[in-house]
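The next block is structure_1.tsv, given as TSV, C-alpha atoms.
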chain	number	residue	atom	x	y	z
A	1	MET	CA	-43.17	-21.80	-56.59
A	2	ARG	CA	-41.33	-20.50	-59.57
A	3	LYS	CA	-38.37	-18.35	-58.69
A	4	SER	CA	-37.77	-15.10	-60.49
A	5	PHE	CA	-34.27	-14.06	-61.35
A	6	LYS	CA	-33.10	-10.56	-62.05
A	7	LYS	CA	-31.31	-10.03	-65.30
A	8	SER	CA	-27.62	-9.48	-64.82
A	9	SER	CA	-26.85	-5.80	-65.01
A	10	THR	CA	-24.45	-4.61	-67.66
A	11	PRO	CA	-20.95	-3.79	-66.39
A	12	ALA	CA	-20.49	-0.20	-65.33
A	13	LYS	CA	-18.56	1.88	-67.81
A	14	PRO	CA	-15.06	3.00	-66.76
A	15	LYS	CA	-15.06	6.33	-64.98
A	16	LYS	CA	-11.53	7.48	-65.66
A	17	ASN	CA	-11.22	11.16	-66.49
A	18	MET	CA	-7.63	12.14	-67.23
A	19	LEU	CA	-5.52	14.79	-68.98
A	20	LEU	CA	-1.89	13.76	-69.44
A	21	LEU	CA	0.49	16.42	-70.77
A	22	SER	CA	3.87	15.55	-72.24
A	23	GLY	CA	5.30	18.58	-70.41
A	24	SER	CA	4.41	22.02	-69.09
A	25	LYS	CA	6.03	24.04	-71.89
A	26	ALA	CA	6.20	23.78	-75.67
A	27	THR	CA	8.15	25.84	-78.19
A	28	GLY	CA	6.87	24.59	-81.55
A	29	ASN	CA	6.04	27.34	-84.08
A	30	MET	CA	7.50	30.04	-81.83
A	31	ALA	CA	9.85	32.76	-83.04
A	32	ASP	CA	13.54	32.31	-82.30
A	33	GLY	CA	14.32	33.62	-78.84
A	34	ALA	CA	10.69	33.55	-77.67
A	35	VAL	CA	10.23	32.07	-74.20
A	36	PRO	CA	7.32	29.64	-73.72
A	37	GLY	CA	5.01	30.30	-70.79
A	38	PHE	CA	4.21	27.75	-68.09
A	39	LEU	CA	1.21	25.65	-69.27
A	40	ASP	CA	0.33	28.28	-71.90
A	41	PHE	CA	-0.09	25.81	-74.78
A	42	ALA	CA	-2.52	23.71	-72.71
A	43	GLU	CA	-4.55	26.49	-71.06
A	44	ASP	CA	-7.76	25.80	-72.98
A	45	TRP	CA	-7.49	22.06	-72.30
A	46	ILE	CA	-6.92	22.65	-68.59
A	47	LYS	CA	-9.79	25.12	-68.22
A	48	GLU	CA	-12.20	22.73	-69.89
A	49	PHE	CA	-10.91	19.77	-67.91
A	50	PHE	CA	-11.31	21.42	-64.51
A	51	ASP	CA	-14.46	23.41	-65.35
A	52	PRO	CA	-16.66	21.02	-63.30
A	53	ALA	CA	-14.40	21.60	-60.25
A	54	VAL	CA	-14.71	25.37	-60.69
A	55	THR	CA	-18.48	25.12	-61.09
A	56	LYS	CA	-18.76	23.06	-57.90
A	57	GLY	CA	-16.42	25.38	-56.01
A	58	LYS	CA	-13.93	22.60	-55.28
A	59	PRO	CA	-10.14	23.08	-55.38
A	60	VAL	CA	-7.63	20.99	-57.30
A	61	LEU	CA	-5.05	19.18	-55.18
A	62	PHE	CA	-1.57	19.89	-56.53
A	63	VAL	CA	1.18	17.36	-55.81
A	64	PRO	CA	4.63	19.06	-55.86
A	65	TYR	CA	6.72	16.02	-54.91
A	66	ALA	CA	8.62	15.82	-58.24
A	67	ARG	CA	10.38	19.12	-57.39
A	68	PRO	CA	11.87	20.07	-60.81
A	69	SER	CA	15.54	21.09	-60.59
A	70	GLY	CA	15.39	20.50	-56.84
A	71	VAL	CA	13.12	23.47	-56.03
A	72	SER	CA	11.28	23.28	-52.74
A	73	GLU	CA	7.77	21.84	-52.70
A	74	GLU	CA	6.54	25.14	-51.27
A	75	ASP	CA	8.01	27.21	-54.13
A	76	TYR	CA	6.72	24.75	-56.71
A	77	PHE	CA	3.19	25.10	-55.32
A	78	LYS	CA	3.45	28.90	-55.37
A	79	LYS	CA	4.29	28.77	-59.08
A	80	VAL	CA	1.40	26.45	-59.92
A	81	LYS	CA	-1.06	28.32	-57.69
A	82	ALA	CA	-0.26	31.62	-59.40
A	83	ARG	CA	-0.77	30.07	-62.85
A	84	PHE	CA	-4.00	28.32	-61.88
A	85	ASP	CA	-5.29	31.52	-60.26
A	86	GLU	CA	-4.89	33.18	-63.67
A	87	MET	CA	-7.10	30.45	-65.11
A	88	GLY	CA	-9.68	30.84	-62.35
A	89	ILE	CA	-8.97	27.45	-60.79
A	90	ALA	CA	-8.53	27.16	-57.02
A	91	THR	CA	-5.73	24.93	-55.73
A	92	VAL	CA	-4.54	23.37	-52.49
A	93	CYS	CA	-1.17	21.74	-51.90
A	94	ALA	CA	-0.55	18.13	-50.97
A	95	PRO	CA	0.98	17.99	-47.46
A	96	PRO	CA	4.77	17.59	-47.20
A	97	GLU	CA	4.41	14.47	-45.06
A	98	GLY	CA	2.55	12.68	-47.87
A	99	ILE	CA	-0.99	12.17	-49.13
A	100	ALA	CA	-3.58	10.54	-46.85
A	101	ALA	CA	-7.15	9.49	-47.64
A	102	LYS	CA	-8.57	12.70	-46.13
A	103	ASP	CA	-6.57	14.80	-48.58
A	104	LEU	CA	-8.46	13.26	-51.51
A	105	ASN	CA	-11.89	14.17	-50.13
A	106	ASN	CA	-13.77	17.33	-51.12
A	107	ILE	CA	-11.49	18.15	-54.05
A	108	GLY	CA	-12.42	18.67	-57.68
A	109	GLY	CA	-9.40	16.89	-59.09
A	110	ILE	CA	-5.70	16.20	-58.67
A	111	PHE	CA	-2.73	17.59	-60.61
A	112	ILE	CA	0.63	15.87	-60.27
A	113	GLY	CA	3.33	18.12	-61.67
A	114	GLY	CA	6.49	17.33	-63.56
A	115	GLY	CA	10.05	17.17	-62.37
A	116	HIS	CA	12.05	14.19	-61.17
A	117	THR	CA	10.10	10.97	-61.68
A	118	TYR	CA	12.02	8.81	-59.20
A	119	THR	CA	11.68	11.37	-56.41
A	120	LEU	CA	7.95	11.67	-57.08
A	121	LEU	CA	7.29	7.93	-57.19
A	122	HIS	CA	9.38	7.18	-54.11
A	123	LYS	CA	7.49	9.71	-51.99
A	124	LEU	CA	4.11	8.43	-53.16
A	125	GLN	CA	5.20	4.86	-52.37
A	126	GLN	CA	6.38	5.66	-48.85
A	127	ASN	CA	2.94	6.07	-47.30
A	128	GLY	CA	0.69	4.06	-49.61
A	129	ALA	CA	-0.56	7.07	-51.58
A	130	LEU	CA	-0.36	5.22	-54.90
A	131	ALA	CA	-3.21	2.89	-53.97
A	132	LEU	CA	-5.30	5.78	-52.61
A	133	ILE	CA	-4.88	7.85	-55.77
A	134	ARG	CA	-5.48	4.86	-58.04
A	135	ARG	CA	-8.80	4.01	-56.39
A	136	LYS	CA	-10.01	7.61	-56.51
A	137	VAL	CA	-9.10	8.10	-60.16
A	138	GLU	CA	-10.66	4.79	-61.18
A	139	ASP	CA	-13.80	6.00	-59.42
A	140	GLY	CA	-13.86	9.21	-61.48
A	141	LEU	CA	-11.66	11.78	-59.72
A	142	PRO	CA	-10.21	14.01	-62.50
A	143	TYR	CA	-6.45	13.43	-62.83
A	144	MET	CA	-4.07	15.75	-64.62
A	145	GLY	CA	-0.41	14.93	-65.02
A	146	SER	CA	2.52	16.68	-66.64
A	147	SER	CA	5.81	15.00	-67.54
A	148	ALA	CA	6.70	13.00	-64.39
A	149	GLY	CA	3.07	13.23	-63.30
A	150	THR	CA	2.12	11.71	-66.66
A	151	ILE	CA	4.73	8.95	-66.56
A	152	ILE	CA	3.53	7.65	-63.18
A	153	ALA	CA	0.09	7.03	-64.70
A	154	CYS	CA	1.77	4.19	-66.65
A	155	PRO	CA	2.28	0.66	-65.31
A	156	THR	CA	5.93	1.54	-64.53
A	157	ILE	CA	8.29	4.50	-64.83
A	158	LYS	CA	10.76	2.51	-66.98
A	159	THR	CA	10.30	4.86	-69.95
A	160	THR	CA	11.11	8.09	-68.08
A	161	ASN	CA	14.05	10.19	-69.30
A	162	ASP	CA	15.27	10.82	-65.74
A	163	MET	CA	18.26	9.36	-63.95
A	164	PRO	CA	17.64	7.62	-60.59
A	165	CYS	CA	19.22	10.39	-58.53
A	166	PRO	CA	17.56	9.97	-55.09
A	167	ALA	CA	19.84	8.80	-52.29
A	168	HIS	CA	17.95	5.53	-51.78
A	169	ASP	CA	19.51	2.71	-53.77
A	170	VAL	CA	16.46	0.54	-54.39
A	171	ILE	CA	13.09	1.73	-55.67
A	172	ASP	CA	10.09	-0.19	-56.92
A	173	LEU	CA	9.50	1.03	-60.49
A	174	LYS	CA	5.81	0.09	-60.48
A	175	ALA	CA	3.60	3.17	-60.75
A	176	LEU	CA	-0.14	3.94	-60.74
A	177	GLY	CA	-1.02	1.67	-63.64
A	178	LEU	CA	-3.98	3.84	-64.67
A	179	ILE	CA	-3.23	3.26	-68.36
A	180	ARG	CA	-2.17	0.03	-70.05
A	181	ALA	CA	0.75	1.30	-72.14
A	182	GLN	CA	4.00	3.10	-71.45
A	183	LEU	CA	4.63	6.73	-72.41
A	184	ASN	CA	7.77	8.66	-73.20
A	185	CYS	CA	7.33	12.38	-72.53
A	186	HIS	CA	9.33	15.14	-74.22
A	187	TYR	CA	9.86	12.75	-77.11
A	188	MET	CA	12.59	13.72	-79.61
A	189	ASP	CA	12.76	12.12	-83.04
A	190	ASP	CA	16.07	11.47	-84.79
A	191	ALA	CA	15.86	14.73	-86.73
A	192	MET	CA	16.00	16.66	-83.43
A	193	HIS	CA	19.34	15.14	-82.47
A	194	ASP	CA	22.61	16.73	-83.51
A	195	PRO	CA	23.92	14.38	-86.24
A	196	LYS	CA	27.44	14.83	-84.85
A	197	HIS	CA	26.35	13.39	-81.51
A	198	GLN	CA	27.51	9.77	-81.24
A	199	GLY	CA	25.37	8.76	-78.25
A	200	GLU	CA	22.07	6.91	-78.34
A	201	THR	CA	18.98	8.63	-79.71
A	202	ARG	CA	15.58	8.43	-78.03
A	203	ASP	CA	14.42	5.96	-80.66
A	204	THR	CA	17.34	3.68	-79.85
A	205	ARG	CA	16.50	3.72	-76.14
A	206	LEU	CA	12.81	3.01	-76.72
A	207	LYS	CA	13.62	0.16	-79.09
A	208	GLU	CA	15.87	-1.28	-76.40
A	209	PHE	CA	13.01	-1.11	-73.91
A	210	CYS	CA	10.72	-2.97	-76.30
A	211	ALA	CA	13.33	-5.67	-76.90
A	212	PHE	CA	13.38	-6.45	-73.18
A	213	ASN	CA	9.62	-5.92	-72.68
A	214	PRO	CA	7.88	-7.80	-75.52
A	215	GLY	CA	4.27	-6.90	-76.14
A	216	VAL	CA	4.42	-3.62	-74.20
A	217	PRO	CA	3.62	-0.60	-76.41
A	218	VAL	CA	5.32	2.77	-75.85
A	219	LEU	CA	3.83	6.00	-77.17
A	220	GLY	CA	6.19	8.93	-77.66
A	221	LEU	CA	4.56	12.25	-76.80
A	222	TYR	CA	6.06	15.34	-78.37
A	223	GLU	CA	6.12	18.50	-76.28
A	224	GLY	CA	2.84	20.25	-76.94
A	225	GLN	CA	0.83	17.03	-77.01
A	226	ALA	CA	-1.41	15.36	-74.43
A	227	LEU	CA	-3.68	12.39	-73.88
A	228	ARG	CA	-7.33	12.91	-72.99
A	229	ILE	CA	-8.88	9.84	-71.38
A	230	GLU	CA	-12.63	9.59	-70.84
A	231	GLY	CA	-13.82	6.18	-69.72
A	232	GLY	CA	-12.56	3.62	-72.21
A	233	LYS	CA	-11.71	6.21	-74.86
A	234	THR	CA	-8.29	7.81	-75.27
A	235	HIS	CA	-7.61	10.70	-77.64
A	236	LEU	CA	-4.31	12.30	-78.55
A	237	LEU	CA	-4.42	16.11	-78.47
A	238	THR	CA	-2.03	18.22	-80.55
A	239	SER	CA	-1.56	21.92	-79.93
A	240	ALA	CA	-0.20	24.58	-82.27
A	241	ARG	CA	2.99	24.56	-80.16
A	242	CYS	CA	3.66	20.87	-80.79
A	243	ARG	CA	7.19	20.04	-81.97
A	244	GLY	CA	6.05	17.15	-84.16
A	245	ALA	CA	2.80	15.95	-85.72
A	246	LYS	CA	3.59	12.25	-86.13
A	247	PRO	CA	4.21	10.72	-82.70
A	248	PRO	CA	5.53	7.14	-82.81
A	249	VAL	CA	4.30	3.96	-81.18
A	250	PHE	CA	6.97	1.34	-80.46
A	251	THR	CA	5.97	-2.30	-79.97
A	252	ASP	CA	8.44	-5.16	-80.13
A	253	ASN	CA	10.49	-4.49	-83.29
A	254	ARG	CA	7.94	-2.14	-84.88
A	255	ARG	CA	7.84	1.65	-85.02
A	256	GLU	CA	4.61	3.13	-86.36
A	257	GLU	CA	3.67	6.80	-86.61
A	258	ILE	CA	0.31	8.40	-85.84
A	259	ASP	CA	-0.63	11.15	-88.27
A	260	CYS	CA	-2.05	13.99	-86.12
A	261	GLN	CA	-3.57	17.36	-86.93
A	262	ILE	CA	-3.42	20.48	-84.78
A	263	GLY	CA	-6.65	20.93	-82.86
A	264	VAL	CA	-8.13	17.59	-83.98
A	265	PRO	CA	-8.33	14.86	-81.29
A	266	GLN	CA	-6.96	11.56	-82.62
A	267	ASP	CA	-8.51	8.36	-81.28
A	268	VAL	CA	-5.70	6.13	-79.98
A	269	SER	CA	-7.84	3.94	-77.74
A	270	GLU	CA	-6.54	0.76	-79.38
A	271	ILE	CA	-3.05	1.36	-77.99
A	272	PHE	CA	-4.43	1.35	-74.45
A	273	ALA	CA	-6.97	-1.46	-74.87
A	274	PRO	CA	-6.61	-4.69	-72.84
A	275	LYS	CA	-4.12	-7.15	-74.27
A	276	LYS	CA	-5.50	-9.85	-76.54
A	277	SER	CA	-5.22	-13.42	-75.37
A	278	GLY	CA	-2.22	-15.40	-76.43
A	279	ALA	CA	1.23	-15.77	-74.97
A	280	PRO	CA	3.75	-13.18	-76.15
A	281	LYS	CA	6.91	-14.32	-77.81
A	282	LYS	CA	9.97	-14.63	-75.66
A	283	SER	CA	12.41	-11.76	-75.87
A	284	SER	CA	15.12	-14.24	-76.87
A	285	ASP	CA	13.14	-14.91	-80.09
A	286	ARG	CA	13.52	-11.30	-81.19
A	287	GLY	CA	16.48	-9.50	-82.67
A	288	PHE	CA	17.97	-6.78	-80.52
A	289	PRO	CA	17.39	-3.41	-82.22
A	290	GLY	CA	20.43	-1.56	-83.41
A	291	PRO	CA	20.97	2.20	-83.29
Could you take the file, read its structure, and then write that structure out as structure tokens?
Amino acid sequence: MRKSFKKSSTPAKPKKNMLLLSGSKATGNMADGAVPGFLDFAEDWIKEFFDPAVTKGKPVLFVPYARPSGVSEEDYFKKVKARFDEMGIATVCAPPEGIAAKDLNNIGGIFIGGGHTYTLLHKLQQNGALALIRRKVEDGLPYMGSSAGTIIACPTIKTTNDMPCPAHDVIDLKALGLIRAQLNCHYMDDAMHDPKHQGETRDTRLKEFCAFNPGVPVLGLYEGQALRIEGGKTHLLTSARCRGAKPPVFTDNRREEIDCQIGVPQDVSEIFAPKKSGAPKKSSDRGFPGP
């Protein structure tokens, strides 16, 4: 008897649904002395992103573990809850003992706030929360990050601007790995540095990273910018409060700028696409970038 074979089904499309903010405030195009509001520049993006959660009556889980400036997790949640209430989005707080599988059920999304990247990553590593979050987000759970919460979506936190201040001496720098490139939040170009300052600029530091990590791209996100990831597509969003319209991509010894327009999503999917086959050159084959 002749056997019948089913045709192989096409691979399921990626389900990732992410909004990654460079930071929670932006001062571009503001009058001198004006104070930027918390998440004001991104309010429309956030409302649209979490609209399905609001429609379904599900809260967003806020993760306060980064604790900016050392504030308590409780006070950090109060600040975020008040702001999200203004936007009509319900929130619940991640428990102080750490995130368990049950905490990721019956929620409409997760928001990991900014602050101190090492503190955030260490706490998520302590009870295996990284793997739990990764699986949920890869399966379609909406993920919003800001600053530190954006950096930990990368393969590692090596391109954070923070110092490793926590008391523990050793920390695994591997993060969620939800995107394939590194990011640098709160990016500052050379024109933003005081020319009298003799220390390293951000460009110098990112070029150093690339010299030691050949083949790994780094995208600098100005304040007021964000990444919007939907499946296999990644777009760069630029608000009217953005401090720069030409964010750079560093790879090996190259620095290339992306020409962005306010309010126009820019497709940057290629930066985050899987690496092409072929062995990368050894770092010893490359010149070390100067300042």
Might you pull out every residue within 9 Å of Phe50 in chain A, with only C-alpha atoms counted and same-chain residues fewer than 2 positions away left off, and present them as a list in words?
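My reading of the contact set: Trp45, Ile46, Lys47, Glu48, Pro52, Ala53, Val54, Thr55, Val60, Ile89, Gly108, Gly109 and Pro142 of chain A.
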Taking C-alpha atoms for each residue, export the selection above as a compact mmCIF listing (two decimals), in the coordinates of the input.
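Saved to again10.txt:
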# COMPACT_ATOMS: atom_id res chain seq x y z
CA TRP A 45 -7.49 22.06 -72.30
CA ILE A 46 -6.92 22.65 -68.59
CA LYS A 47 -9.79 25.12 -68.22
CA GLU A 48 -12.20 22.73 -69.89
CA PRO A 52 -16.66 21.02 -63.30
CA ALA A 53 -14.40 21.60 -60.25
CA VAL A 54 -14.71 25.37 -60.69
CA THR A 55 -18.48 25.12 -61.09
CA VAL A 60 -7.63 20.99 -57.30
CA ILE A 89 -8.97 27.45 -60.79
CA GLY A 108 -12.42 18.67 -57.68
CA GLY A 109 -9.40 16.89 -59.09
CA PRO A 142 -10.21 14.01 -62.50
Just want the 8 Å neighbourhood of Val216 in chain A, counted on only C-alpha atoms, with same-chain residues fewer than 6 positions away dropped. Output as a list in words.
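The filter keeps Ala181, Gln182, Cys210, Thr251 and Asp252 of chain A.
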Just the selected residues (C-alpha atoms), exported as a PDB file, in the frame of the given file, please.
ATOM      1  CA  ALA A 181       0.750   1.300 -72.140  1.00  0.00           C
ATOM      2  CA  GLN A 182       4.000   3.100 -71.450  1.00  0.00           C
ATOM      3  CA  CYS A 210      10.720  -2.970 -76.300  1.00  0.00           C
ATOM      4  CA  THR A 251       5.970  -2.300 -79.970  1.00  0.00           C
ATOM      5  CA  ASP A 252       8.440  -5.160 -80.130  1.00  0.00           C
TER       6      ASP A 252
END
Within 10 Å of range 220-228 of chain A: each range 114-201 of chain A residue with its shortest pair, only C-alpha atoms, as CSV:
residue,atom,partner,partner_atom,distance
A:Met144,CA,A:Arg228,CA,9.4
A:Gly145,CA,A:Ala226,CA,9.5
A:Ser146,CA,A:Ala226,CA,8.8
A:Ser147,CA,A:Glu223,CA,9.4
A:Thr150,CA,A:Ala226,CA,9.3
A:Thr159,CA,A:Gly220,CA,9.6
A:Gln182,CA,A:Gly220,CA,8.8
A:Leu183,CA,A:Gly220,CA,5.9
A:Asn184,CA,A:Gly220,CA,4.7
A:Cys185,CA,A:Leu221,CA,5.1
A:His186,CA,A:Glu223,CA,5.1
A:Tyr187,CA,A:Tyr222,CA,4.8
A:Met188,CA,A:Tyr222,CA,6.8
A:Asp189,CA,A:Tyr222,CA,8.8
For a cutoff of 9 Å around the file-coordinate point (1.3, 25.7, -59.0), which residues qualify once you count all atoms listed in the file? I'd like the result as a short mmCIF file (atom, residue, chain, number, x, y, z; two decimals) with C-alpha atoms, in the coordinates of the input.
data_model
loop_
_atom_site.label_atom_id
_atom_site.label_comp_id
_atom_site.auth_asym_id
_atom_site.auth_seq_id
_atom_site.Cartn_x
_atom_site.Cartn_y
_atom_site.Cartn_z
CA PHE A 62 -1.57 19.89 -56.53
CA VAL A 63 1.18 17.36 -55.81
CA PRO A 64 4.63 19.06 -55.86
CA ASP A 75 8.01 27.21 -54.13
CA TYR A 76 6.72 24.75 -56.71
CA PHE A 77 3.19 25.10 -55.32
CA LYS A 78 3.45 28.90 -55.37
CA LYS A 79 4.29 28.77 -59.08
CA VAL A 80 1.40 26.45 -59.92
CA LYS A 81 -1.06 28.32 -57.69
CA ALA A 82 -0.26 31.62 -59.40
CA ARG A 83 -0.77 30.07 -62.85
CA PHE A 84 -4.00 28.32 -61.88
CA ASP A 85 -5.29 31.52 -60.26
CA THR A 91 -5.73 24.93 -55.73
CA CYS A 93 -1.17 21.74 -51.90
CA GLY A 113 3.33 18.12 -61.67
#
Between CA of Leu206 in chain A and CA of Asp32 in chain A, what is the distance, to one decimal in Å?
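Atom-to-atom, CA of Leu206 in chain A to CA of Asp32 in chain A, that is 29.8 Å.
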Mind listing as a ChimeraX atom specification all residues within 9 Å of (0.0, 13.1, -89.2), counting all atoms listed in the file?
/A:244-247,257-261
